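Listing of structure_19.cif, mmCIF, C-alpha atoms
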```cif
data_structure
#
loop_
_atom_site.group_PDB
_atom_site.id
_atom_site.type_symbol
_atom_site.label_atom_id
_atom_site.label_comp_id
_atom_site.auth_asym_id
_atom_site.auth_seq_id
_atom_site.Cartn_x
_atom_site.Cartn_y
_atom_site.Cartn_z
ATOM 1 C CA MET C 12 -39.393 -69.883 1.074
ATOM 2 C CA SER C 13 -36.132 -70.254 2.965
ATOM 3 C CA ALA C 14 -32.947 -69.463 1.130
ATOM 4 C CA ILE C 15 -30.044 -71.890 1.222
ATOM 5 C CA PHE C 16 -26.649 -70.482 2.157
ATOM 6 C CA ALA C 17 -23.151 -71.847 2.445
ATOM 7 C CA PHE C 18 -20.621 -69.531 4.000
ATOM 8 C CA ALA C 19 -17.364 -68.530 2.365
ATOM 9 C CA LEU C 20 -16.429 -66.308 5.320
ATOM 10 C CA PRO C 21 -17.958 -66.209 8.780
ATOM 11 C CA GLY C 22 -21.242 -64.327 8.586
ATOM 12 C CA ILE C 23 -21.186 -63.778 4.820
ATOM 13 C CA GLY C 24 -23.527 -66.020 2.843
ATOM 14 C CA GLN C 25 -23.391 -66.970 -0.783
ATOM 15 C CA SER C 26 -26.117 -68.874 -2.570
ATOM 16 C CA THR C 27 -25.051 -72.239 -3.897
ATOM 17 C CA THR C 28 -26.501 -74.699 -6.348
ATOM 18 C CA ALA C 29 -24.977 -78.095 -7.048
ATOM 19 C CA SER C 30 -25.296 -79.475 -10.554
ATOM 20 C CA ALA C 31 -24.536 -83.054 -9.524
ATOM 21 C CA ALA C 32 -24.535 -85.074 -6.344
ATOM 22 C CA THR C 33 -21.976 -83.770 -3.885
ATOM 23 C CA ALA C 34 -19.223 -86.076 -2.705
ATOM 24 C CA ARG C 35 -20.434 -86.148 0.899
ATOM 25 C CA THR C 36 -23.842 -86.202 2.504
ATOM 26 C CA PRO C 37 -24.900 -82.551 2.890
ATOM 27 C CA ILE C 38 -24.979 -81.052 6.369
ATOM 28 C CA VAL C 39 -27.837 -78.830 7.531
ATOM 29 C CA PHE C 40 -27.135 -76.578 10.527
ATOM 30 C CA VAL C 41 -30.111 -75.662 12.753
ATOM 31 C CA HIS C 42 -29.729 -72.857 15.313
ATOM 32 C CA GLY C 43 -31.439 -72.405 18.671
ATOM 33 C CA LEU C 44 -33.492 -69.678 20.360
ATOM 34 C CA THR C 45 -32.718 -66.143 19.186
ATOM 35 C CA GLY C 46 -29.987 -67.576 16.940
ATOM 36 C CA SER C 47 -29.423 -67.357 13.207
ATOM 37 C CA ASP C 48 -27.829 -69.254 10.356
ATOM 38 C CA SER C 49 -24.549 -67.423 11.038
ATOM 39 C CA ASN C 50 -24.160 -69.176 14.430
ATOM 40 C CA PHE C 51 -22.347 -72.047 12.700
ATOM 41 C CA ALA C 52 -19.807 -69.973 10.736
ATOM 42 C CA LEU C 53 -16.805 -71.220 12.737
ATOM 43 C CA ILE C 54 -17.928 -74.863 12.644
ATOM 44 C CA GLU C 55 -18.423 -74.528 8.894
ATOM 45 C CA ARG C 56 -14.952 -73.020 8.500
ATOM 46 C CA TYR C 57 -13.497 -75.902 10.537
ATOM 47 C CA LEU C 58 -15.276 -78.500 8.377
ATOM 48 C CA ARG C 59 -14.112 -76.803 5.161
ATOM 49 C CA GLY C 60 -10.575 -77.072 6.536
ATOM 50 C CA GLU C 61 -11.240 -80.789 7.075
ATOM 51 C CA GLY C 62 -12.284 -81.345 3.445
ATOM 52 C CA TRP C 63 -15.984 -80.454 3.217
ATOM 53 C CA SER C 64 -16.914 -78.128 0.374
ATOM 54 C CA ASN C 65 -19.231 -75.098 0.402
ATOM 55 C CA ASN C 66 -21.881 -77.015 -1.558
ATOM 56 C CA GLU C 67 -22.080 -79.600 1.249
ATOM 57 C CA LEU C 68 -22.749 -77.123 4.107
ATOM 58 C CA PHE C 69 -26.116 -75.386 4.576
ATOM 59 C CA ALA C 70 -27.455 -73.293 7.460
ATOM 60 C CA ILE C 71 -31.110 -72.424 7.929
ATOM 61 C CA ASP C 72 -32.402 -69.222 9.502
ATOM 62 C CA LEU C 73 -35.525 -70.388 11.351
ATOM 63 C CA PRO C 74 -38.690 -68.266 11.220
ATOM 64 C CA SER C 75 -39.482 -68.540 14.953
ATOM 65 C CA LYS C 76 -36.636 -67.248 17.093
ATOM 66 C CA ALA C 77 -38.766 -68.297 20.101
ATOM 67 C CA GLY C 78 -38.521 -71.971 19.082
ATOM 68 C CA ASN C 79 -42.084 -72.646 17.867
ATOM 69 C CA GLN C 80 -41.792 -76.283 16.818
ATOM 70 C CA LEU C 81 -44.676 -76.218 14.327
ATOM 71 C CA LEU C 82 -43.277 -73.245 12.397
ATOM 72 C CA ASN C 83 -39.640 -74.285 12.648
ATOM 73 C CA SER C 84 -40.154 -77.953 11.766
ATOM 74 C CA ALA C 85 -42.127 -76.920 8.672
ATOM 75 C CA ALA C 86 -39.278 -74.600 7.667
ATOM 76 C CA ILE C 87 -36.691 -77.348 8.289
ATOM 77 C CA SER C 88 -38.761 -79.718 6.130
ATOM 78 C CA ARG C 89 -38.819 -77.283 3.182
ATOM 79 C CA PHE C 90 -35.146 -76.436 3.652
ATOM 80 C CA VAL C 91 -34.032 -80.089 3.745
ATOM 81 C CA ASP C 92 -36.084 -80.815 0.615
ATOM 82 C CA ASP C 93 -34.368 -77.892 -1.134
ATOM 83 C CA VAL C 94 -30.917 -79.135 -0.042
ATOM 84 C CA LEU C 95 -31.692 -82.651 -1.293
ATOM 85 C CA ARG C 96 -32.831 -81.290 -4.671
ATOM 86 C CA GLN C 97 -29.739 -79.118 -4.996
ATOM 87 C CA THR C 98 -27.214 -81.754 -3.953
ATOM 88 C CA GLY C 99 -28.699 -84.872 -5.523
ATOM 89 C CA HIS C 100 -28.660 -86.763 -2.213
ATOM 90 C CA SER C 101 -31.533 -88.630 -0.571
ATOM 91 C CA LYS C 102 -30.499 -87.818 3.027
ATOM 92 C CA VAL C 103 -28.821 -85.088 5.058
ATOM 93 C CA HIS C 104 -26.927 -84.886 8.314
ATOM 94 C CA ILE C 105 -28.228 -82.291 10.776
ATOM 95 C CA VAL C 106 -26.045 -80.451 13.274
ATOM 96 C CA ALA C 107 -28.261 -78.540 15.713
ATOM 97 C CA HIS C 108 -27.603 -76.270 18.667
ATOM 98 C CA SER C 109 -29.835 -75.806 21.718
ATOM 99 C CA MET C 110 -33.559 -75.600 20.800
ATOM 100 C CA GLY C 111 -32.480 -76.478 17.261
ATOM 101 C CA GLY C 112 -32.080 -80.020 18.594
ATOM 102 C CA ALA C 113 -35.691 -80.163 19.766
ATOM 103 C CA ASN C 114 -36.920 -78.557 16.517
ATOM 104 C CA SER C 115 -34.895 -81.021 14.429
ATOM 105 C CA LEU C 116 -36.227 -83.977 16.411
ATOM 106 C CA TYR C 117 -39.784 -82.675 15.930
ATOM 107 C CA TYR C 118 -39.120 -82.468 12.164
ATOM 108 C CA ILE C 119 -37.728 -86.015 12.157
ATOM 109 C CA LEU C 120 -40.569 -87.509 14.189
ATOM 110 C CA ASN C 121 -43.541 -85.508 12.879
ATOM 111 C CA ARG C 122 -42.720 -84.014 9.471
ATOM 112 C CA GLY C 123 -41.241 -86.863 7.422
ATOM 113 C CA GLY C 124 -37.629 -86.280 8.386
ATOM 114 C CA ILE C 125 -37.168 -89.877 9.534
ATOM 115 C CA ASP C 126 -36.577 -90.872 5.894
ATOM 116 C CA LYS C 127 -34.423 -87.837 5.027
ATOM 117 C CA VAL C 128 -31.946 -87.646 7.917
ATOM 118 C CA ASP C 129 -28.997 -90.009 8.244
ATOM 119 C CA LYS C 130 -27.277 -88.491 11.288
ATOM 120 C CA LEU C 131 -28.336 -85.962 13.902
ATOM 121 C CA ILE C 132 -25.712 -84.246 16.049
ATOM 122 C CA THR C 133 -26.960 -81.942 18.777
ATOM 123 C CA LEU C 134 -24.883 -79.436 20.722
ATOM 124 C CA GLY C 135 -26.416 -78.627 24.075
ATOM 125 C CA GLY C 136 -29.690 -79.750 22.551
ATOM 126 C CA ALA C 137 -32.964 -79.296 24.409
ATOM 127 C CA ASN C 138 -33.764 -82.725 23.005
ATOM 128 C CA ARG C 139 -36.046 -84.051 25.728
ATOM 129 C CA LEU C 140 -38.510 -81.242 25.056
ATOM 130 C CA THR C 141 -39.455 -83.398 22.048
ATOM 131 C CA THR C 142 -38.561 -87.004 22.905
ATOM 132 C CA ASN C 143 -36.636 -89.119 25.407
ATOM 133 C CA SER C 144 -35.202 -91.500 22.788
ATOM 134 C CA ALA C 145 -33.140 -91.272 19.645
ATOM 135 C CA PRO C 146 -35.322 -91.873 16.572
ATOM 136 C CA SER C 147 -34.984 -95.398 15.213
ATOM 137 C CA GLY C 148 -32.829 -95.661 12.099
ATOM 138 C CA ILE C 149 -30.971 -92.386 12.650
ATOM 139 C CA LYS C 150 -27.534 -92.223 14.234
ATOM 140 C CA VAL C 151 -27.856 -89.592 16.964
ATOM 141 C CA THR C 152 -24.960 -87.989 18.812
ATOM 142 C CA SER C 153 -25.746 -85.612 21.664
ATOM 143 C CA ILE C 154 -22.800 -83.458 22.725
ATOM 144 C CA TYR C 155 -23.426 -81.449 25.872
ATOM 145 C CA SER C 156 -21.469 -79.676 28.578
ATOM 146 C CA THR C 157 -21.546 -80.204 32.314
ATOM 147 C CA SER C 158 -20.777 -76.461 32.499
ATOM 148 C CA ASP C 159 -23.903 -75.487 30.519
ATOM 149 C CA THR C 160 -26.094 -73.178 32.611
ATOM 150 C CA ILE C 161 -28.761 -72.710 29.889
ATOM 151 C CA VAL C 162 -29.684 -76.263 28.837
ATOM 152 C CA SER C 163 -29.285 -78.928 31.487
ATOM 153 C CA PRO C 164 -27.381 -82.058 30.425
ATOM 154 C CA LEU C 165 -30.509 -83.950 31.551
ATOM 155 C CA LEU C 166 -32.410 -82.338 28.639
ATOM 156 C CA SER C 167 -29.671 -83.213 26.157
ATOM 157 C CA ARG C 168 -29.164 -86.919 26.843
ATOM 158 C CA LEU C 169 -31.312 -89.289 24.778
ATOM 159 C CA ASP C 170 -31.838 -93.007 25.247
ATOM 160 C CA GLY C 171 -30.210 -94.841 22.332
ATOM 161 C CA ALA C 172 -27.972 -91.914 21.367
ATOM 162 C CA ASN C 173 -24.216 -91.561 21.618
ATOM 163 C CA ASN C 174 -24.250 -89.119 24.554
ATOM 164 C CA ILE C 175 -20.946 -87.259 24.925
ATOM 165 C CA SER C 176 -20.262 -85.054 27.932
ATOM 166 C CA VAL C 177 -17.646 -82.296 27.813
ATOM 167 C CA SER C 178 -16.691 -79.914 30.589
ATOM 168 C CA LEU C 179 -15.551 -76.317 30.873
ATOM 169 C CA VAL C 180 -17.539 -75.268 27.793
ATOM 170 C CA THR C 181 -20.448 -72.831 28.013
ATOM 171 C CA HIS C 182 -23.713 -73.295 26.136
ATOM 172 C CA ILE C 183 -22.732 -70.768 23.449
ATOM 173 C CA GLY C 184 -19.148 -72.014 23.628
ATOM 174 C CA LEU C 185 -20.308 -75.329 22.146
ATOM 175 C CA LEU C 186 -20.414 -73.439 18.826
ATOM 176 C CA TYR C 187 -16.804 -72.216 19.149
ATOM 177 C CA ASN C 188 -14.797 -75.002 20.759
ATOM 178 C CA SER C 189 -12.051 -77.019 19.050
ATOM 179 C CA ARG C 190 -12.781 -80.155 21.140
ATOM 180 C CA VAL C 191 -16.450 -79.970 20.162
ATOM 181 C CA ASN C 192 -15.495 -79.463 16.505
ATOM 182 C CA ALA C 193 -13.440 -82.654 16.601
ATOM 183 C CA LEU C 194 -16.390 -84.527 18.165
ATOM 184 C CA ILE C 195 -18.705 -83.220 15.430
ATOM 185 C CA LYS C 196 -16.289 -84.390 12.748
ATOM 186 C CA ALA C 197 -15.947 -87.831 14.372
ATOM 187 C CA ALA C 198 -19.730 -88.208 14.514
ATOM 188 C CA LEU C 199 -20.080 -87.180 10.860
ATOM 189 C CA ILE C 200 -17.539 -89.697 9.568
ATOM 190 C CA GLU C 201 -18.538 -92.676 11.761
#
```
Please re-express this file's structure in structure tokens.
Amino acid sequence: MSAIFAFALPGIGQSTTASAATARTPIVFVHGLTGSDSNFALIERYLRGEGWSNNELFAIDLPSKAGNQLLNSAAISRFVDDVLRQTGHSKVHIVAHSMGGANSLYYILNRGGIDKVDKLITLGGANRLTTNSAPSGIKVTSIYSTSDTIVSPLLSRLDGANNISVSLVTHIGLLYNSRVNALIKAALIE
């Protein structure tokens, strides 16, 4: 069973349990190939500074660092169910990086996530490895960089999504960029 963590400091997890519904829709962070739940520590810190609380931010550590969609989508499904139970909400927002975008889309389209995800925001997502179109009923924002040499912008763009191109940001830099943070926040509050 995956543990649920919200970070108080970058890289240091603390288990959280909400006793009542949180004020905002919880956010689940999904990392990419060879990544971990700590990849989103700076984005989480930024969002806490913008008013989100620890019990609204959750990062999963996927079992397949090689991006196996069957294993990872099953883990995302269990994790999202745990977050919903803990927060009292019926839906989550997902923020995913790289292959985490493709894994999240696989969860949404094939593992019941269509009814449990309100918004999906991908950062340099390898989205088209799963689908060419944003899932119906979910607000999808794909943020990608024209300077990304790992995931081509062609893989990130989805029909029906809000596709946002940035420049001069590396693939990993999408996790550490103030412009990208502001775009994430805007997509979350739309």
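Each of C:His182, C:Arg35, C:Arg190, C:Arg89 was compared to C:Asn66 using only C-alpha atoms, and C:Arg35 turns out to be the nearest.
Between atom CA of C:His100 and atom CA of C:Asn192 the separation is 24.0 Å.
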Inset, instruction - Can you turn the PyMOL selection byres ((chain C and resi 127) around 8) into a concrete residue list for this file, as a list in words? - result: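 Selected by the PyMOL selection byres ((chain C and resi 127) around 8) in this file: Val91, Ser101, Lys102, Val103, Gly123, Gly124, Ile125, Asp126, Val128 and Asp129 of chain C.
Proximity of C:Ser167, C:Asn114, C:Ser109, C:Asn65 to C:Ala86, computed with all atoms listed in the file, is greatest for C:Asn114.
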Inset, instruction - Please provide as a list in words all residues within 8 Å of stretch 159-166 of chain C, with the sequence filter that same-chain residues fewer than 3 positions apart are discarded (counting only C-alpha atoms). - result: Ser109, Gly135, Gly136, Ala137, Asn138, Arg139, Leu140, Tyr155, Ser156, Val180, Thr181 and His182 of chain C
Restricted to C-alpha atoms, what would the selected residues look like written as a PDB file, in the frame of the given file?
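So part_11.pdb came out as:
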```pdb
ATOM      1  CA  SER C 109     -29.835 -75.806  21.718  1.00  0.00           C
ATOM      2  CA  GLY C 135     -26.416 -78.627  24.075  1.00  0.00           C
ATOM      3  CA  GLY C 136     -29.690 -79.750  22.551  1.00  0.00           C
ATOM      4  CA  ALA C 137     -32.964 -79.296  24.409  1.00  0.00           C
ATOM      5  CA  ASN C 138     -33.764 -82.725  23.005  1.00  0.00           C
ATOM      6  CA  ARG C 139     -36.046 -84.051  25.728  1.00  0.00           C
ATOM      7  CA  LEU C 140     -38.510 -81.242  25.056  1.00  0.00           C
ATOM      8  CA  TYR C 155     -23.426 -81.449  25.872  1.00  0.00           C
ATOM      9  CA  SER C 156     -21.469 -79.676  28.578  1.00  0.00           C
ATOM     10  CA  VAL C 180     -17.539 -75.268  27.793  1.00  0.00           C
ATOM     11  CA  THR C 181     -20.448 -72.831  28.013  1.00  0.00           C
ATOM     12  CA  HIS C 182     -23.713 -73.295  26.136  1.00  0.00           C
TER      13      HIS C 182
END
```
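When only C-alpha atoms are used to compute distances to C:Ile71, the closest of the residues C:Leu120, C:Leu179, C:Val41, C:Ala107 turns out to be C:Val41.
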Legend entry - Pick from C:Ser158, C:Thr45, C:Asn50, C:Gln97, whichever lies nearest to C:Ser75 using all atoms listed in the file: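 Comparing C:Ser158, C:Thr45, C:Asn50, C:Gln97 against C:Ser75, the winner is C:Thr45.
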Legend entry - Nearest-residue call for C:Tyr57, choices C:Lys150, C:Lys130, C:Lys196, C:His108, using only C-alpha atoms: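 When distances to C:Tyr57 are compared using only C-alpha atoms, the smallest one comes from C:Lys196.
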Legend entry - Residue list as a PyMOL selection string for point (-25.9, -81.8, -4.4), cut-off 12 Å, only C-alpha atoms: chain C and resi 27-38+64-69+91-103
Inset, instruction - Show which residues sit within 12 Å of C:Ala197, as a list in words. Count all atoms listed in the file, and ignore same-chain residues fewer than 5 positions away. - result: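 My reading of the contact set: Leu58, Glu61, Lys130, Ile132, Thr152, Ile154, Asn173, Ile175, Arg190, Val191 and Asn192 of chain C.
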Inset, instruction - To verify the selection step, state as JSON, numbers by chain which residues the PyMOL selection byres ((chain C and resi 80) around 8) yields on this input. - result: {"C": [78, 79, 81, 82, 83, 84, 113, 114, 117]}
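Proximity to C:Gly171 was assessed for C:Gly62, C:Pro74, C:Pro146, C:Gly112 counting all atoms listed in the file; the smallest distance is recorded for C:Pro146.
Our summary of the geometry notes that atom CA of C:Leu199 is positioned 28.1 Å from atom CA of C:Ala77.
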Legend entry - Two-atom distance - atom CA of C:Phe90, atom CA of C:Ser115 (Å):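 Atom CA of C:Phe90 sits 11.7 Å away from atom CA of C:Ser115.
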Report the centre and edge lengths, in Å to one decimal, of an axis-aligned box enclosing every atom of stretch 76-84 of chain C listed in the file, padded by 5 Å on each side, as JSON.
```
{"center_x": -40.7, "center_y": -72.6, "center_z": 15.9, "size_x": 18.0, "size_y": 20.7, "size_z": 18.3}
```
Legend entry - Ground truth for the PyMOL selection byres ((chain C and resi 48) around 8), written as a VMD selection string: chain C and resid 40 to 42 46 to 47 49 to 51 70 to 73
For stretch 133-144 of chain C, where the input has fewer atoms than it should, I would like all heavy atoms rebuilt and written as a PDB file, in the coordinates of the input.
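Full text of selection02.pdb as output:
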```
ATOM      1  N   THR C 133     -26.480 -83.107  18.042  1.00  0.00           N
ATOM      2  CA  THR C 133     -26.960 -81.942  18.777  1.00  0.00           C
ATOM      3  C   THR C 133     -25.882 -81.430  19.708  1.00  0.00           C
ATOM      4  O   THR C 133     -25.105 -82.202  20.271  1.00  0.00           O
ATOM      5  CB  THR C 133     -28.254 -82.255  19.561  1.00  0.00           C
ATOM      6  OG1 THR C 133     -27.997 -83.245  20.552  1.00  0.00           O
ATOM      7  CG2 THR C 133     -29.365 -82.732  18.628  1.00  0.00           C
ATOM      8  N   LEU C 134     -25.844 -80.123  19.860  1.00  0.00           N
ATOM      9  CA  LEU C 134     -24.883 -79.436  20.722  1.00  0.00           C
ATOM     10  C   LEU C 134     -25.672 -78.717  21.808  1.00  0.00           C
ATOM     11  O   LEU C 134     -26.372 -77.739  21.522  1.00  0.00           O
ATOM     12  CB  LEU C 134     -24.067 -78.416  19.922  1.00  0.00           C
ATOM     13  CG  LEU C 134     -23.431 -78.914  18.622  1.00  0.00           C
ATOM     14  CD1 LEU C 134     -22.790 -77.762  17.864  1.00  0.00           C
ATOM     15  CD2 LEU C 134     -22.433 -80.015  18.901  1.00  0.00           C
ATOM     16  N   GLY C 135     -25.616 -79.221  23.018  1.00  0.00           N
ATOM     17  CA  GLY C 135     -26.416 -78.627  24.075  1.00  0.00           C
ATOM     18  C   GLY C 135     -27.885 -78.622  23.714  1.00  0.00           C
ATOM     19  O   GLY C 135     -28.608 -77.678  24.015  1.00  0.00           O
ATOM     20  N   GLY C 136     -28.322 -79.680  23.054  1.00  0.00           N
ATOM     21  CA  GLY C 136     -29.690 -79.750  22.551  1.00  0.00           C
ATOM     22  C   GLY C 136     -30.721 -79.880  23.658  1.00  0.00           C
ATOM     23  O   GLY C 136     -30.532 -80.630  24.606  1.00  0.00           O
ATOM     24  N   ALA C 137     -31.825 -79.160  23.490  1.00  0.00           N
ATOM     25  CA  ALA C 137     -32.964 -79.296  24.409  1.00  0.00           C
ATOM     26  C   ALA C 137     -33.824 -80.465  23.929  1.00  0.00           C
ATOM     27  O   ALA C 137     -35.030 -80.367  23.770  1.00  0.00           O
ATOM     28  CB  ALA C 137     -33.752 -78.000  24.448  1.00  0.00           C
ATOM     29  N   ASN C 138     -33.176 -81.580  23.696  1.00  0.00           N
ATOM     30  CA  ASN C 138     -33.764 -82.725  23.005  1.00  0.00           C
ATOM     31  C   ASN C 138     -34.987 -83.305  23.694  1.00  0.00           C
ATOM     32  O   ASN C 138     -35.965 -83.670  23.040  1.00  0.00           O
ATOM     33  CB  ASN C 138     -32.704 -83.823  22.853  1.00  0.00           C
ATOM     34  CG  ASN C 138     -31.488 -83.329  22.115  1.00  0.00           C
ATOM     35  OD1 ASN C 138     -31.571 -82.451  21.269  1.00  0.00           O
ATOM     36  ND2 ASN C 138     -30.334 -83.887  22.435  1.00  0.00           N
ATOM     37  N   ARG C 139     -34.952 -83.398  25.004  1.00  0.00           N
ATOM     38  CA  ARG C 139     -36.046 -84.051  25.728  1.00  0.00           C
ATOM     39  C   ARG C 139     -37.314 -83.202  25.774  1.00  0.00           C
ATOM     40  O   ARG C 139     -38.335 -83.657  26.271  1.00  0.00           O
ATOM     41  CB  ARG C 139     -35.594 -84.456  27.131  1.00  0.00           C
ATOM     42  CG  ARG C 139     -34.698 -85.684  27.089  1.00  0.00           C
ATOM     43  CD  ARG C 139     -34.379 -86.198  28.482  1.00  0.00           C
ATOM     44  NE  ARG C 139     -33.574 -87.400  28.374  1.00  0.00           N
ATOM     45  CZ  ARG C 139     -34.017 -88.618  28.669  1.00  0.00           C
ATOM     46  NH1 ARG C 139     -35.250 -88.801  29.072  1.00  0.00           N
ATOM     47  NH2 ARG C 139     -33.221 -89.662  28.549  1.00  0.00           N
ATOM     48  N   LEU C 140     -37.271 -82.000  25.223  1.00  0.00           N
ATOM     49  CA  LEU C 140     -38.510 -81.242  25.056  1.00  0.00           C
ATOM     50  C   LEU C 140     -39.366 -81.872  23.963  1.00  0.00           C
ATOM     51  O   LEU C 140     -40.559 -81.605  23.875  1.00  0.00           O
ATOM     52  CB  LEU C 140     -38.224 -79.776  24.720  1.00  0.00           C
ATOM     53  CG  LEU C 140     -37.551 -78.964  25.827  1.00  0.00           C
ATOM     54  CD1 LEU C 140     -37.321 -77.540  25.348  1.00  0.00           C
ATOM     55  CD2 LEU C 140     -38.368 -78.984  27.111  1.00  0.00           C
ATOM     56  N   THR C 141     -38.738 -82.725  23.128  1.00  0.00           N
ATOM     57  CA  THR C 141     -39.455 -83.398  22.048  1.00  0.00           C
ATOM     58  C   THR C 141     -39.602 -84.887  22.304  1.00  0.00           C
ATOM     59  O   THR C 141     -40.658 -85.464  22.089  1.00  0.00           O
ATOM     60  CB  THR C 141     -38.738 -83.160  20.694  1.00  0.00           C
ATOM     61  OG1 THR C 141     -38.675 -81.760  20.456  1.00  0.00           O
ATOM     62  CG2 THR C 141     -39.459 -83.846  19.561  1.00  0.00           C
ATOM     63  N   THR C 142     -38.528 -85.547  22.723  1.00  0.00           N
ATOM     64  CA  THR C 142     -38.561 -87.004  22.905  1.00  0.00           C
ATOM     65  C   THR C 142     -37.485 -87.413  23.903  1.00  0.00           C
ATOM     66  O   THR C 142     -36.513 -86.672  24.109  1.00  0.00           O
ATOM     67  CB  THR C 142     -38.342 -87.737  21.565  1.00  0.00           C
ATOM     68  OG1 THR C 142     -38.438 -89.150  21.769  1.00  0.00           O
ATOM     69  CG2 THR C 142     -36.988 -87.417  20.955  1.00  0.00           C
ATOM     70  N   ASN C 143     -37.643 -88.588  24.491  1.00  0.00           N
ATOM     71  CA  ASN C 143     -36.636 -89.119  25.407  1.00  0.00           C
ATOM     72  C   ASN C 143     -35.664 -90.068  24.721  1.00  0.00           C
ATOM     73  O   ASN C 143     -34.651 -90.433  25.308  1.00  0.00           O
ATOM     74  CB  ASN C 143     -37.311 -89.871  26.566  1.00  0.00           C
ATOM     75  CG  ASN C 143     -38.091 -88.946  27.459  1.00  0.00           C
ATOM     76  OD1 ASN C 143     -37.786 -87.771  27.580  1.00  0.00           O
ATOM     77  ND2 ASN C 143     -39.116 -89.475  28.093  1.00  0.00           N
ATOM     78  N   SER C 144     -35.984 -90.475  23.479  1.00  0.00           N
ATOM     79  CA  SER C 144     -35.202 -91.500  22.788  1.00  0.00           C
ATOM     80  C   SER C 144     -34.770 -91.041  21.404  1.00  0.00           C
ATOM     81  O   SER C 144     -35.499 -90.311  20.727  1.00  0.00           O
ATOM     82  CB  SER C 144     -36.035 -92.773  22.633  1.00  0.00           C
ATOM     83  OG  SER C 144     -36.435 -93.266  23.887  1.00  0.00           O
TER      84      SER C 144
END
```
